[in-house]
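Shown next: coords-v8.csv, containing CSV, C-alpha atoms.
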```csv
chain,number,residue,atom,x,y,z
N,1,MET,CA,0.0,0.0,0.0
N,2,LYS,CA,1.8,3.1,-1.3
N,3,TYR,CA,-0.8,5.6,-2.5
N,4,CYS,CA,-4.1,6.9,-1.1
N,5,SER,CA,-7.1,5.2,-2.7
N,6,ASN,CA,-9.1,8.4,-2.0
N,7,CYS,CA,-6.8,11.1,-3.6
N,8,ALA,CA,-3.8,9.2,-5.1
N,9,ALA,CA,-1.2,11.1,-2.9
N,10,GLU,CA,1.6,9.2,-1.2
N,11,LEU,CA,1.0,7.5,2.0
N,12,HIS,CA,3.2,7.5,5.1
N,13,ILE,CA,3.2,5.3,8.1
N,14,ALA,CA,2.5,6.8,11.5
N,15,ILE,CA,0.6,6.3,14.7
N,16,PRO,CA,-2.6,8.4,14.5
N,17,GLU,CA,-3.6,10.5,17.5
N,18,GLY,CA,-5.5,8.4,20.0
N,19,ASP,CA,-4.3,5.2,18.4
N,20,ASN,CA,-1.4,2.9,19.4
N,21,LEU,CA,-0.5,1.1,16.2
N,22,PRO,CA,1.2,2.4,13.0
N,23,ARG,CA,-1.2,3.0,10.1
N,24,HIS,CA,-1.0,4.0,6.5
N,25,ILE,CA,-2.0,7.7,6.4
N,26,CYS,CA,-2.4,10.0,3.4
N,27,ARG,CA,0.0,13.0,3.4
N,28,GLN,CA,-2.6,15.0,1.5
N,29,CYS,CA,-6.1,14.2,2.7
N,30,ASP,CA,-5.2,12.5,6.1
N,31,THR,CA,-7.3,9.5,5.4
N,32,ILE,CA,-6.2,6.5,7.5
N,33,HIS,CA,-6.1,3.3,5.6
N,34,TYR,CA,-6.7,0.4,8.1
N,35,GLN,CA,-5.8,-3.2,7.3
N,36,ASN,CA,-7.7,-5.9,9.0
N,37,PRO,CA,-8.0,-9.7,9.0
N,38,LYS,CA,-10.2,-11.3,6.4
N,39,ILE,CA,-12.7,-14.1,6.9
N,40,ILE,CA,-12.6,-17.5,5.1
N,41,ALA,CA,-15.9,-19.3,5.3
N,42,GLY,CA,-16.7,-22.8,4.3
N,43,CYS,CA,-18.0,-26.2,5.4
N,44,LEU,CA,-17.3,-29.8,6.1
N,45,PRO,CA,-20.1,-31.5,4.0
N,46,VAL,CA,-21.1,-35.0,5.2
N,47,TYR,CA,-23.0,-37.5,3.2
N,48,GLN,CA,-23.8,-40.7,5.1
N,49,ASP,CA,-20.4,-41.8,6.5
N,50,LYS,CA,-18.3,-39.8,4.0
N,51,VAL,CA,-17.0,-36.2,3.7
N,52,LEU,CA,-16.8,-34.1,0.6
N,53,LEU,CA,-13.4,-32.8,-0.5
N,54,CYS,CA,-12.3,-30.7,-3.5
N,55,ARG,CA,-8.9,-30.9,-5.3
N,56,ARG,CA,-7.8,-27.4,-5.8
N,57,ALA,CA,-7.6,-26.1,-9.4
N,58,ILE,CA,-6.0,-22.8,-8.2
N,59,GLU,CA,-3.0,-21.6,-6.3
N,60,PRO,CA,-2.1,-21.7,-3.5
N,61,ARG,CA,-1.8,-25.5,-3.1
N,62,LEU,CA,-3.0,-26.4,-6.6
N,63,GLY,CA,-3.6,-30.1,-6.8
N,64,PHE,CA,-4.1,-30.6,-3.0
N,65,TRP,CA,-7.4,-31.5,-1.4
N,66,THR,CA,-9.4,-29.1,0.7
N,67,LEU,CA,-12.9,-28.4,2.1
N,68,PRO,CA,-15.0,-26.0,0.1
N,69,ALA,CA,-14.2,-22.6,1.6
N,70,GLY,CA,-13.2,-19.1,0.4
N,71,PHE,CA,-13.2,-15.4,1.2
N,72,MET,CA,-16.4,-14.0,2.7
N,73,GLU,CA,-17.8,-11.2,0.5
N,74,ASN,CA,-19.4,-7.9,1.5
N,75,ASN,CA,-23.2,-8.0,1.8
N,76,GLU,CA,-23.5,-11.6,3.0
N,77,SER,CA,-23.5,-13.5,6.3
N,78,THR,CA,-21.0,-16.0,7.3
N,79,GLN,CA,-23.5,-18.8,6.7
N,80,GLN,CA,-24.4,-17.4,3.3
N,81,ALA,CA,-20.7,-17.3,2.5
N,82,ALA,CA,-20.2,-20.9,3.5
N,83,LEU,CA,-23.1,-22.1,1.3
N,84,ARG,CA,-22.0,-19.9,-1.6
N,85,GLU,CA,-18.4,-21.3,-1.5
N,86,THR,CA,-19.8,-24.9,-1.4
N,87,ARG,CA,-21.9,-24.2,-4.5
N,88,GLU,CA,-19.0,-22.5,-6.3
N,89,GLU,CA,-16.4,-25.0,-5.6
N,90,ALA,CA,-18.3,-28.3,-5.5
N,91,ASN,CA,-21.7,-27.6,-7.1
N,92,ALA,CA,-23.2,-29.1,-3.9
N,93,GLU,CA,-26.2,-28.0,-1.8
N,94,VAL,CA,-25.8,-28.6,1.9
N,95,ARG,CA,-27.6,-27.8,5.2
N,96,LEU,CA,-25.4,-26.1,7.8
N,97,LEU,CA,-25.6,-27.8,11.2
N,98,SER,CA,-23.3,-25.8,13.4
N,99,LEU,CA,-20.1,-23.7,13.4
N,100,TYR,CA,-17.4,-26.3,13.9
N,101,THR,CA,-14.0,-24.8,13.7
N,102,MET,CA,-12.8,-21.2,14.1
N,103,THR,CA,-9.2,-20.7,13.3
N,104,SER,CA,-7.2,-17.5,13.7
N,105,ILE,CA,-4.4,-18.0,11.1
N,106,ILE,CA,-2.4,-15.2,12.6
N,107,HIS,CA,0.5,-14.9,10.2
N,108,VAL,CA,-1.7,-14.4,7.1
N,109,ASN,CA,-4.3,-12.3,8.9
N,110,GLN,CA,-7.2,-14.6,8.3
N,111,VAL,CA,-10.0,-16.1,10.4
N,112,GLN,CA,-11.3,-19.4,9.0
N,113,LEU,CA,-14.9,-20.5,9.9
N,114,ILE,CA,-15.8,-24.1,9.0
N,115,TYR,CA,-19.5,-25.2,9.5
N,116,LEU,CA,-20.4,-28.8,9.9
N,117,ALA,CA,-22.9,-29.5,7.1
N,118,GLU,CA,-25.1,-32.3,5.8
N,119,MET,CA,-25.8,-33.3,2.2
N,120,ASP,CA,-29.2,-34.9,1.4
N,121,LYS,CA,-28.0,-36.3,-1.9
N,122,PRO,CA,-24.6,-37.3,-3.3
N,123,GLU,CA,-24.8,-34.6,-5.9
N,124,PHE,CA,-21.7,-32.6,-6.7
N,125,SER,CA,-19.3,-31.9,-9.6
N,126,THR,CA,-16.0,-30.2,-10.5
N,127,SER,CA,-15.8,-26.4,-11.1
N,128,ASN,CA,-13.4,-23.7,-12.2
N,129,GLU,CA,-11.9,-24.0,-8.7
N,130,SER,CA,-11.9,-27.7,-8.3
N,131,LEU,CA,-10.1,-30.3,-10.4
N,132,GLU,CA,-11.9,-33.2,-8.7
N,133,VAL,CA,-14.7,-33.4,-6.1
N,134,GLU,CA,-15.2,-36.6,-4.2
N,135,LEU,CA,-16.7,-38.3,-1.1
N,136,PHE,CA,-14.2,-39.9,1.2
N,137,ALA,CA,-14.7,-42.4,4.0
N,138,GLU,CA,-12.4,-42.0,7.0
N,139,ASP,CA,-9.9,-44.6,5.8
N,140,GLU,CA,-9.8,-43.0,2.3
N,141,ILE,CA,-8.9,-39.4,3.4
N,142,PRO,CA,-5.7,-38.3,1.5
N,143,TRP,CA,-4.0,-37.0,4.7
N,144,GLU,CA,-0.7,-36.4,3.0
N,145,GLU,CA,-2.3,-34.5,0.2
N,146,LEU,CA,-4.4,-32.0,2.1
N,147,ALA,CA,-3.9,-28.4,1.3
N,148,PHE,CA,-3.9,-26.7,4.6
N,149,HIS,CA,-3.4,-27.4,8.3
N,150,THR,CA,-6.8,-26.0,9.0
N,151,ILE,CA,-8.4,-28.6,6.8
N,152,ARG,CA,-6.5,-31.4,8.5
N,153,ASN,CA,-7.5,-30.1,11.9
N,154,ALA,CA,-11.2,-30.0,10.9
N,155,LEU,CA,-11.2,-33.5,9.5
N,156,GLN,CA,-9.3,-34.9,12.5
N,157,TYR,CA,-11.7,-33.3,14.9
N,158,TYR,CA,-14.6,-34.5,12.9
N,159,PHE,CA,-13.6,-38.2,12.9
N,160,GLU,CA,-12.8,-37.9,16.6
N,161,ASP,CA,-16.1,-36.2,17.5
N,162,ARG,CA,-18.1,-38.6,15.4
N,163,LYS,CA,-17.4,-41.4,17.9
N,164,THR,CA,-19.4,-39.5,20.5
N,165,GLY,CA,-21.8,-37.7,18.2
N,166,THR,CA,-21.1,-34.3,19.8
N,167,PHE,CA,-19.4,-31.6,17.7
N,168,PRO,CA,-18.4,-28.7,20.0
N,169,LEU,CA,-17.0,-25.6,18.4
N,170,ARG,CA,-13.2,-25.9,18.1
N,171,GLN,CA,-11.2,-22.7,18.4
N,172,ILE,CA,-7.7,-22.8,17.1
N,173,GLU,CA,-4.8,-20.3,16.8
N,174,LEU,CA,-2.3,-21.1,14.1
N,175,GLN,CA,1.0,-19.3,13.6
N,176,GLY,CA,3.5,-19.9,10.9
N,177,THR,CA,2.1,-23.2,9.7
N,178,ARG,CA,-0.4,-22.6,7.1
N,179,TYR,CA,0.3,-25.4,4.6
N,180,ASN,CA,-0.2,-29.1,5.5
N,181,ARG,CA,3.3,-30.4,4.8
N,182,PRO,CA,4.0,-33.8,6.4
I,1,MET,CA,-12.0,3.8,-3.5
I,2,LYS,CA,-10.9,5.8,-6.6
I,3,TYR,CA,-7.2,5.2,-7.1
I,4,CYS,CA,-4.8,2.3,-7.0
I,5,SER,CA,-2.9,2.0,-3.7
I,6,ASN,CA,-0.2,0.2,-5.6
I,7,CYS,CA,0.5,2.6,-8.5
I,8,ALA,CA,-1.9,5.6,-8.0
I,9,ALA,CA,-3.6,5.2,-11.4
I,10,GLU,CA,-7.4,5.4,-11.6
I,11,LEU,CA,-9.5,2.4,-10.8
I,12,HIS,CA,-12.4,1.1,-12.8
I,13,ILE,CA,-15.1,-1.4,-11.7
I,14,ALA,CA,-15.4,-4.6,-13.6
I,15,ILE,CA,-15.8,-8.4,-13.1
I,16,PRO,CA,-12.4,-10.0,-13.4
I,17,GLU,CA,-12.0,-13.1,-15.5
I,18,GLY,CA,-13.0,-16.2,-13.5
I,19,ASP,CA,-14.9,-14.1,-11.0
I,20,ASN,CA,-18.6,-13.3,-10.7
I,21,LEU,CA,-18.7,-10.0,-8.8
I,22,PRO,CA,-17.6,-6.5,-9.8
I,23,ARG,CA,-14.3,-5.4,-8.3
I,24,HIS,CA,-12.2,-2.3,-8.2
I,25,ILE,CA,-9.4,-2.9,-10.8
I,26,CYS,CA,-6.4,-0.7,-11.7
I,27,ARG,CA,-6.4,0.5,-15.3
I,28,GLN,CA,-2.6,0.6,-15.3
I,29,CYS,CA,-1.2,-2.3,-13.2
I,30,ASP,CA,-4.3,-4.5,-13.2
I,31,THR,CA,-4.3,-5.0,-9.4
I,32,ILE,CA,-7.7,-6.1,-8.1
I,33,HIS,CA,-8.6,-4.4,-4.9
I,34,TYR,CA,-11.0,-6.7,-3.0
I,35,GLN,CA,-13.2,-5.4,-0.2
I,36,ASN,CA,-14.2,-7.8,2.5
I,37,PRO,CA,-16.1,-7.8,5.9
I,38,LYS,CA,-14.2,-6.8,9.0
I,39,ILE,CA,-14.3,-8.5,12.4
I,40,ILE,CA,-15.4,-6.8,15.6
I,41,ALA,CA,-14.2,-8.8,18.7
I,42,GLY,CA,-15.2,-8.2,22.2
I,43,CYS,CA,-16.6,-9.7,25.3
I,44,LEU,CA,-19.4,-9.8,27.8
I,45,PRO,CA,-17.5,-9.6,31.1
I,46,VAL,CA,-19.3,-11.0,34.2
I,47,TYR,CA,-18.4,-10.3,37.8
I,48,GLN,CA,-20.6,-12.2,40.3
I,49,ASP,CA,-24.2,-11.4,39.2
I,50,LYS,CA,-23.3,-8.3,37.2
I,51,VAL,CA,-22.1,-7.4,33.7
I,52,LEU,CA,-19.6,-4.8,32.7
I,53,LEU,CA,-20.7,-2.0,30.3
I,54,CYS,CA,-18.8,1.0,28.9
I,55,ARG,CA,-20.4,4.3,28.0
I,56,ARG,CA,-19.0,5.3,24.6
I,57,ALA,CA,-16.7,8.3,24.4
I,58,ILE,CA,-16.5,8.1,20.6
I,59,GLU,CA,-18.8,8.1,17.7
I,60,PRO,CA,-20.8,6.3,16.5
I,61,ARG,CA,-23.3,6.3,19.4
I,62,LEU,CA,-21.3,8.5,21.7
I,63,GLY,CA,-22.8,8.5,25.2
I,64,PHE,CA,-24.6,5.1,24.7
I,65,TRP,CA,-23.7,2.0,26.6
I,66,THR,CA,-21.9,-1.0,25.0
I,67,LEU,CA,-19.8,-4.1,25.7
I,68,PRO,CA,-16.1,-3.7,25.2
I,69,ALA,CA,-15.4,-4.6,21.6
I,70,GLY,CA,-13.6,-3.2,18.5
I,71,PHE,CA,-12.0,-4.0,15.2
I,72,MET,CA,-9.7,-7.0,15.2
I,73,GLU,CA,-6.2,-6.1,14.1
I,74,ASN,CA,-3.8,-7.9,11.9
I,75,ASN,CA,-1.3,-10.2,13.7
I,76,GLU,CA,-3.7,-11.3,16.5
I,77,SER,CA,-6.2,-14.0,17.1
I,78,THR,CA,-9.9,-13.4,17.8
I,79,GLN,CA,-9.4,-14.1,21.4
I,80,GLN,CA,-6.4,-11.8,21.7
I,81,ALA,CA,-8.5,-9.1,20.0
I,82,ALA,CA,-11.3,-9.5,22.5
I,83,LEU,CA,-8.9,-9.3,25.5
I,84,ARG,CA,-7.1,-6.3,24.0
I,85,GLU,CA,-10.3,-4.4,23.4
I,86,THR,CA,-11.5,-5.1,27.0
I,87,ARG,CA,-8.2,-3.7,28.3
I,88,GLU,CA,-8.3,-0.6,26.0
I,89,GLU,CA,-11.9,0.3,26.7
I,90,ALA,CA,-12.4,-0.7,30.3
I,91,ASN,CA,-8.9,-1.3,31.8
I,92,ALA,CA,-10.2,-4.7,32.8
I,93,GLU,CA,-8.7,-8.2,32.8
I,94,VAL,CA,-11.0,-11.0,32.0
I,95,ARG,CA,-10.9,-14.8,31.3
I,96,LEU,CA,-12.7,-15.8,28.1
I,97,LEU,CA,-15.1,-18.7,28.7
I,98,SER,CA,-16.6,-19.4,25.3
I,99,LEU,CA,-17.6,-17.7,22.0
I,100,TYR,CA,-21.2,-16.5,22.8
I,101,THR,CA,-22.6,-14.5,19.9
I,102,MET,CA,-21.5,-14.3,16.3
I,103,THR,CA,-23.5,-11.7,14.4
I,104,SER,CA,-23.2,-11.0,10.7
I,105,ILE,CA,-24.1,-7.3,10.4
I,106,ILE,CA,-24.7,-7.5,6.7
I,107,HIS,CA,-25.4,-3.9,5.7
I,108,VAL,CA,-22.1,-2.6,7.3
I,109,ASN,CA,-20.0,-5.6,6.3
I,110,GLN,CA,-19.0,-6.6,9.8
I,111,VAL,CA,-19.0,-9.8,11.7
I,112,GLN,CA,-19.1,-9.3,15.5
I,113,LEU,CA,-17.8,-11.9,17.9
I,114,ILE,CA,-18.7,-11.6,21.6
I,115,TYR,CA,-17.0,-14.0,24.1
I,116,LEU,CA,-18.5,-14.7,27.4
I,117,ALA,CA,-15.9,-13.8,30.0
I,118,GLU,CA,-15.3,-13.7,33.7
I,119,MET,CA,-13.7,-11.1,35.9
I,120,ASP,CA,-11.9,-12.3,39.1
I,121,LYS,CA,-11.9,-8.8,40.6
I,122,PRO,CA,-14.2,-5.7,40.2
I,123,GLU,CA,-11.3,-3.7,38.8
I,124,PHE,CA,-11.9,-1.4,35.8
I,125,SER,CA,-11.8,2.2,34.9
I,126,THR,CA,-12.6,4.8,32.2
I,127,SER,CA,-10.4,5.2,29.1
I,128,ASN,CA,-10.1,7.4,26.0
I,129,GLU,CA,-12.9,5.3,24.5
I,130,SER,CA,-15.2,5.1,27.6
I,131,LEU,CA,-16.8,8.0,29.5
I,132,GLU,CA,-18.0,5.6,32.2
I,133,VAL,CA,-17.4,1.9,33.0
I,134,GLU,CA,-19.8,0.2,35.4
I,135,LEU,CA,-21.1,-3.1,36.6
I,136,PHE,CA,-24.9,-3.6,36.1
I,137,ALA,CA,-27.2,-6.2,37.7
I,138,GLU,CA,-30.0,-7.4,35.4
I,139,ASP,CA,-32.5,-4.9,36.7
I,140,GLU,CA,-30.1,-2.0,36.3
I,141,ILE,CA,-29.3,-2.5,32.6
I,142,PRO,CA,-29.9,0.7,30.7
I,143,TRP,CA,-31.9,-1.1,27.9
I,144,GLU,CA,-33.0,2.2,26.2
I,145,GLU,CA,-29.5,3.6,26.2
I,146,LEU,CA,-27.6,0.7,24.6
I,147,ALA,CA,-25.5,1.6,21.6
I,148,PHE,CA,-26.2,-1.3,19.2
I,149,HIS,CA,-28.7,-4.1,18.6
I,150,THR,CA,-25.9,-6.6,18.8
I,151,ILE,CA,-25.2,-5.5,22.4
I,152,ARG,CA,-28.9,-5.7,23.4
I,153,ASN,CA,-29.1,-9.2,21.8
I,154,ALA,CA,-26.0,-10.4,23.7
I,155,LEU,CA,-27.3,-9.1,27.0
I,156,GLN,CA,-30.8,-10.6,26.5
I,157,TYR,CA,-29.4,-14.0,25.6
I,158,TYR,CA,-27.1,-13.8,28.6
I,159,PHE,CA,-29.8,-13.2,31.2
I,160,GLU,CA,-32.0,-15.8,29.5
I,161,ASP,CA,-29.3,-18.4,29.4
I,162,ARG,CA,-28.2,-17.7,33.0
I,163,LYS,CA,-31.4,-19.3,34.2
I,164,THR,CA,-30.3,-22.6,32.9
I,165,GLY,CA,-26.5,-22.1,33.2
I,166,THR,CA,-25.8,-23.2,29.6
I,167,PHE,CA,-24.5,-20.6,27.1
I,168,PRO,CA,-24.7,-22.0,23.6
I,169,LEU,CA,-23.2,-20.0,20.7
I,170,ARG,CA,-25.9,-17.7,19.3
I,171,GLN,CA,-25.6,-17.0,15.5
I,172,ILE,CA,-27.5,-13.9,14.3
I,173,GLU,CA,-27.9,-12.2,11.0
I,174,LEU,CA,-28.7,-8.5,11.2
I,175,GLN,CA,-29.7,-6.4,8.2
I,176,GLY,CA,-30.5,-2.7,8.3
I,177,THR,CA,-30.8,-2.3,12.1
I,178,ARG,CA,-27.5,-1.6,13.5
I,179,TYR,CA,-28.4,0.9,16.2
I,180,ASN,CA,-30.5,0.1,19.2
I,181,ARG,CA,-33.3,2.7,18.8
I,182,PRO,CA,-36.3,1.9,20.9
```
Please, can you express the file's structure as structure tokens?
Amino acid sequence: MKYCSNCAAELHIAIPEGDNLPRHICRQCDTIHYQNPKIIAGCLPVYQDKVLLCRRAIEPRLGFWTLPAGFMENNESTQQAALRETREEANAEVRLLSLYTMTSIIHVNQVQLIYLAEMDKPEFSTSNESLEVELFAEDEIPWEELAFHTIRNALQYYFEDRKTGTFPLRQIELQGTRYNRP
Amino acid sequence: MKYCSNCAAELHIAIPEGDNLPRHICRQCDTIHYQNPKIIAGCLPVYQDKVLLCRRAIEPRLGFWTLPAGFMENNESTQQAALRETREEANAEVRLLSLYTMTSIIHVNQVQLIYLAEMDKPEFSTSNESLEVELFAEDEIPWEELAFHTIRNALQYYFEDRKTGTFPLRQIELQGTRYNRP
């Protein structure tokens, strides 16, 4: 961030009055340009005893498996974002059951929300964002080929919690370990 | 958003290839400037049978009562943000118990996270951001002078859930009703 998006003048970095963190501030119009974490919303879709995974068609982690999830947009709720991403990436319709994992991925300034979700029918297909979309039983999960640590966490929690049938919200803080590299 | 923060050229609005929403795109360097919801993190601090509220010293809703909460910063977790805001606004130390309300405030592109929290001691004070900080029993809550609908919701849920002693995560979608105006 080098120039003011409001007036095109150069920015400088300083701590505004009454604040305690350095911000990008315009030298000309004094606009303060804050930078804040972004939300990733998605879901863990379950059909019978299987979960739905997508093989990424885009970077980062092209070719690795993930749960359907992506950046939350303006003008939608977290639930709407999770449903939209599941449609866009897997062409699947799901019912959200509960918020299941909330991960602060501190070093990339993201908060990832994964909802537990149910599919009524095994209907899904590939998309611009997914090379393959498939249902996996627990012993079929490609653990070494998962894209992100957050996805491995969610799946591990799910298969653990499935034994008891209770799925409490899991809150996780990740620092410095975004990709799932065995 | 009128100018590119990367090169200062003018922006135009168009749907990028492979996308389905209009974005701000630079005419010169082609950078796409995404806009996404921001996270507000805070808590509902409880001391014995009372909850801690702050009277806002800043706009919006200056003079109205709120729970300590504010914009999550980069390089922190949602929990760290909630604790930091409670220190900044009320000079209070709390222990977070559980995520209690998650509200998508759709028309202002915010997601508000309120944690249920406990105070070990009744220690707190005013700050640059709070004209007054006080503990309120249920029958003392200034319902007509609360700043935001989200705060009223959280307090109503809390006093309802306190009867049973279970505090499940409440997920709320708000549209067009940000301020608590009786």
Pairwise distance for atom CA of Leu53 of chain I and atom CA of Arg178 of chain I, rounded to one decimal in Å: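 The value is 18.1 Å.
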I want to know what sits within 8 Å of Gln79 of chain N, based on all atoms listed in the file, with residues of the same chain fewer than 4 positions away left out; could you give that as a PDB file with C-alpha atoms, keeping the file's coordinate frame?
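Wrote part_0.pdb, looks like this:
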```pdb
ATOM      1  CA  ALA N  41     -15.900 -19.300   5.300  1.00  0.00           C
ATOM      2  CA  LEU N  83     -23.100 -22.100   1.300  1.00  0.00           C
ATOM      3  CA  LEU N  96     -25.400 -26.100   7.800  1.00  0.00           C
TER       4      LEU N  96
END
```
Contact set, chain I to chain N: 7 Å, all atoms listed in the file, as a PyMOL selection string: chain I and resi 1-8+35-38+72-78+104+106-107+109+173
Residue with smallest distance to Arg84 of chain I - pool N:Asn20, N:Thr177, N:Thr164, N:Gln48, counting all atoms listed in the file: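 Among the listed residues, N:Asn20 lies closest to Arg84 of chain I.
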Neighbour list for Ala14 of chain N as an MDAnalysis selection string, cut-off 8 Å, only C-alpha atoms, skip fewer than 5 positions in-chain: chainID N and resid 21:25
Who sits within 7 Å of segment 60-69 of chain N, only C-alpha atoms, same chain under 2 positions skipped, as a list in words: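 What passes the distance filter is Ile40, Ala41, Gly42, Cys43, Leu44, Leu53, Cys54, Arg55, Arg56, Ala57, Ile58, Ala82, Glu85, Thr86, Glu89, Ala90, Glu145, Leu146, Ala147 and Ile151 of chain N.
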Counting all atoms listed in the file, the option among I:Pro45, I:Thr126, I:Val51, I:Pro16 closest to Pro142 of chain I: I:Val51
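For the atom pair formed by atom CA of Ala92 of chain I and atom CA of Pro122 of chain I, the distance is 8.5 Å, given to one decimal.
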Between atom CA of Arg181 of chain N and atom CA of Ile141 of chain N, distance in Å (one decimal):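 Separation of atom CA of Arg181 of chain N and atom CA of Ile141 of chain N: 15.2 Å.
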Within 10 Å of file point (-28.5, -12.0, 25.5), counting only C-alpha atoms, expressed as a PyMOL selection string: chain I and resi 44+100-101+150-162+167+170
Given only C-alpha atoms as the counted atoms, nearest of N:Arg95, N:Asp139, N:Glu144, N:His12 to Gln28 of chain N: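 Closest candidate: N:His12.
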